[in-house]
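S.K.: The structure's right below; bear with me while I get my questions together.
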Amino acid sequence: MTGVPAVRITAATHRGLVRADNQDVVVLDGWASGADDTRSPELEQSLDRPVAVAVVDGMGGYRGGELAAWITAQALVRTAGTVHDAHTADALAQRTHDTVSGAGAGVGLPDMGAAFVALVLDADGFGVCNVGDCRAYRLSEGALGLLSMDDAGPSRRDPTRTVLTQSIGGGGAQRIDAHWFAAPWSASGPQRFLLASDGLAVLSRPQIASVLEAGDTAACAASLVSATLAAGAPDNVSVIVADIQPAARRQQ
């Protein structure tokens, strides 16, 4: 048996109960979908090569969110697996921002934009990068930790509203910080990752942790979407659940 860790991954996306369409896209190792009420087959892959997954959320407050999300998703499909440090993460995010901004200007939708979070896995460890308010979590030894950074703050026009402070596209030239975070694999045991669009925010951290603590990746992804729908689902919701099996366990 190989000494390389493996990953099992399932994705799910749903337009929710209020939005008329789905502007989220899920990306799994070269595959992408934004179709409403989609659940991917479980993917199992050895980490003898980089595996990248991502959730992209089109900015629903502006026209063109779906187009911005798809442009961003295609960029991640092509190149997310080559990201390995803060420099390459920032470069990918900047190129994609410039592409989305140019496309928006070209079709008369200068404010269209998207948020994303990506997880890159390989034999040595993992890296996370994000722009906007999509989130990445890790469940390890019973503790659920947030790995991403929200680009959000109060609106200058209305301080009671929260707006994105950084996005892919969204109008104007901007220097993008992709908030890269990386760590080696822990020898302590399996780890579970969750990527999610901000539609999952109707659930509390304890609710999310409770769902993640039981079942396989497919069951967890389905349960997170179901719980979001039960809570009213005012926005599109997308999740990716990824389980890491350490090399030592695979050798048994």
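Quick note on naming: the chains in the structure tokens go A, B, ... in the order shown, residues restart at 1 in each chain, and ligands are numbered from 1 in order of appearance.
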Hey, what does DSSP flag as strand (DSSP E or B) within range 60-229 of chain A? Can you give it to me as an NGL selection string?
M.R.: :A and (113-121 or 125-131 or 135-140 or 143-146 or 152-154 or 162-164 or 168-169 or 181-184 or 191-196)
S.K.: I'd like the neighbourhood of Gly232 in chain A as a ChimeraX atom specification, where a residue qualifies if any of its atoms comes within 10 Å (using only C-alpha atoms), though same-chain residues fewer than 2 positions away should be ignored.
M.R.: /A:16-18,202,227-230,234-235
S.K.: Using only C-alpha atoms, which residues sit within 12 Å of Ala173 in chain A once same-chain residues fewer than 3 positions away are excluded, as a list in words?
M.R.: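 My reading of the contact set: Gln94, Arg95, His97, Asp98, Thr99, Val100, Ser101, Gly102, Ala105, Pro110, Asp111, Gln166, Ser167, Ile168, Gly169, Gly170 and Ile176 of chain A.
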S.K.: Grab the residues selected above and save them as a short mmCIF file (atom, residue, chain, number, x, y, z; two decimals), in the first residue's frame with all heavy atoms.
M.R.:
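As a result, selection-v9.cif now contains:
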data_model
loop_
_atom_site.label_atom_id
_atom_site.label_comp_id
_atom_site.auth_asym_id
_atom_site.auth_seq_id
_atom_site.Cartn_x
_atom_site.Cartn_y
_atom_site.Cartn_z
N GLN A 94 -5.46 37.75 -8.17
CA GLN A 94 -5.33 39.02 -8.89
C GLN A 94 -5.67 38.86 -10.36
O GLN A 94 -6.40 39.68 -10.95
CB GLN A 94 -3.91 39.57 -8.74
CG GLN A 94 -3.75 40.99 -9.27
CD GLN A 94 -4.49 41.99 -8.39
OE1 GLN A 94 -4.24 42.09 -7.20
NE2 GLN A 94 -5.42 42.74 -8.98
N ARG A 95 -5.13 37.78 -10.99
CA ARG A 95 -5.45 37.55 -12.41
C ARG A 95 -6.95 37.38 -12.61
O ARG A 95 -7.53 37.90 -13.57
CB ARG A 95 -4.73 36.29 -12.91
CG ARG A 95 -3.25 36.42 -13.10
CD ARG A 95 -2.70 35.26 -13.91
NE ARG A 95 -3.05 33.96 -13.36
CZ ARG A 95 -2.33 33.29 -12.48
NH1 ARG A 95 -1.21 33.83 -11.99
NH2 ARG A 95 -2.71 32.10 -12.05
N HIS A 97 -9.40 38.43 -10.63
CA HIS A 97 -10.05 39.72 -10.39
C HIS A 97 -9.99 40.60 -11.63
O HIS A 97 -11.01 41.19 -12.05
CB HIS A 97 -9.37 40.43 -9.22
CG HIS A 97 -9.79 41.87 -9.05
ND1 HIS A 97 -10.97 42.25 -8.48
CD2 HIS A 97 -9.16 43.02 -9.43
CE1 HIS A 97 -11.06 43.57 -8.48
NE2 HIS A 97 -9.98 44.06 -9.05
N ASP A 98 -8.82 40.68 -12.24
CA ASP A 98 -8.66 41.52 -13.42
C ASP A 98 -9.50 40.99 -14.58
O ASP A 98 -10.10 41.77 -15.34
CB ASP A 98 -7.19 41.57 -13.82
CG ASP A 98 -6.32 42.28 -12.78
OD1 ASP A 98 -6.88 42.99 -11.93
OD2 ASP A 98 -5.08 42.09 -12.83
N THR A 99 -9.58 39.65 -14.72
CA THR A 99 -10.37 39.06 -15.79
C THR A 99 -11.86 39.34 -15.60
O THR A 99 -12.56 39.73 -16.54
CB THR A 99 -10.15 37.54 -15.86
OG1 THR A 99 -8.77 37.28 -16.12
CG2 THR A 99 -10.99 36.90 -16.95
N VAL A 100 -12.34 39.15 -14.38
CA VAL A 100 -13.76 39.41 -14.10
C VAL A 100 -14.08 40.89 -14.27
O VAL A 100 -15.12 41.25 -14.84
CB VAL A 100 -14.13 38.92 -12.68
CG1 VAL A 100 -15.53 39.38 -12.29
CG2 VAL A 100 -14.04 37.40 -12.61
N SER A 101 -13.19 41.76 -13.80
CA SER A 101 -13.42 43.20 -13.94
C SER A 101 -13.48 43.59 -15.42
O SER A 101 -14.34 44.37 -15.84
CB SER A 101 -12.32 43.99 -13.23
OG SER A 101 -12.37 43.79 -11.84
N GLY A 102 -12.56 43.03 -16.22
CA GLY A 102 -12.56 43.33 -17.64
C GLY A 102 -13.80 42.81 -18.34
O GLY A 102 -14.38 43.49 -19.19
N ALA A 105 -16.79 45.05 -17.44
CA ALA A 105 -16.77 46.31 -18.19
C ALA A 105 -17.18 46.07 -19.64
O ALA A 105 -17.88 46.88 -20.25
CB ALA A 105 -15.38 46.93 -18.12
N PRO A 110 -20.21 46.55 -14.81
CA PRO A 110 -18.92 46.82 -14.15
C PRO A 110 -18.86 46.43 -12.69
O PRO A 110 -17.75 46.26 -12.15
CB PRO A 110 -18.76 48.34 -14.32
CG PRO A 110 -20.17 48.86 -14.45
CD PRO A 110 -20.89 47.79 -15.22
N ASP A 111 -20.00 46.26 -12.04
CA ASP A 111 -20.00 45.91 -10.61
C ASP A 111 -20.11 44.42 -10.35
O ASP A 111 -20.15 44.00 -9.19
CB ASP A 111 -21.15 46.62 -9.89
CG ASP A 111 -20.97 48.14 -9.85
OD1 ASP A 111 -19.81 48.58 -9.74
OD2 ASP A 111 -21.98 48.86 -9.95
N GLN A 166 -13.58 43.24 -0.11
CA GLN A 166 -12.72 42.74 -1.16
C GLN A 166 -13.49 41.65 -1.91
O GLN A 166 -14.20 40.85 -1.30
CB GLN A 166 -11.44 42.15 -0.56
CG GLN A 166 -10.48 41.57 -1.57
CD GLN A 166 -9.20 41.03 -0.95
OE1 GLN A 166 -8.13 41.50 -1.24
NE2 GLN A 166 -9.33 40.02 -0.10
N SER A 167 -13.35 41.65 -3.22
CA SER A 167 -14.03 40.63 -4.02
C SER A 167 -13.25 40.40 -5.29
O SER A 167 -12.32 41.14 -5.63
CB SER A 167 -15.46 41.06 -4.35
OG SER A 167 -15.46 42.23 -5.15
N ILE A 168 -13.61 39.32 -6.00
CA ILE A 168 -13.09 39.09 -7.34
C ILE A 168 -13.99 39.85 -8.30
O ILE A 168 -15.17 39.54 -8.44
CB ILE A 168 -13.09 37.59 -7.68
CG1 ILE A 168 -12.19 36.82 -6.70
CG2 ILE A 168 -12.65 37.36 -9.11
CD1 ILE A 168 -10.72 37.22 -6.74
N GLY A 169 -13.45 40.88 -8.98
CA GLY A 169 -14.28 41.79 -9.73
C GLY A 169 -14.94 42.76 -8.77
O GLY A 169 -14.39 43.10 -7.73
N GLY A 170 -16.12 43.21 -9.12
CA GLY A 170 -16.83 44.13 -8.24
C GLY A 170 -16.58 45.59 -8.55
O GLY A 170 -17.04 46.47 -7.82
N ILE A 176 -5.41 42.52 -4.63
CA ILE A 176 -6.12 41.43 -3.96
C ILE A 176 -5.19 40.65 -3.03
O ILE A 176 -4.08 40.29 -3.41
CB ILE A 176 -6.73 40.47 -5.00
CG1 ILE A 176 -7.67 41.22 -5.95
CG2 ILE A 176 -7.47 39.33 -4.31
CD1 ILE A 176 -8.86 41.86 -5.28
#
S.K.: Any idea what's packed within 8 Å of Ala89 in chain A, counting only C-alpha atoms, ignoring anything in its chain fewer than 3 positions away? Could you give it as number ranges by chain?
M.R.: A: 83-86, 92-93, 129, 178, 180
S.K.: As a list in words, please: the residues near Val26 in chain A (cut-off 9 Å, only C-alpha atoms, same-chain neighbours under 4 positions excluded).
M.R.: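 So the residues in contact are Ala11, Ala12, Thr13, Trp31, Ala32, Ser33, Gly34, Val53, Ala54, Val55, Val56, Asp57, Ala73, Ser238, Val239 and Ile240 of chain A.
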S.K.: Excluding Arg135 in chain A and its own-chain neighbours fewer than 3 positions away, which residues fall within 7 Å of it when counting only C-alpha atoms? Please give them as a list in words.
M.R.: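 Near Arg135 in chain A, the qualifying residues are Val117, Ser148, Leu195, Ala196 and Ser197 of chain A.
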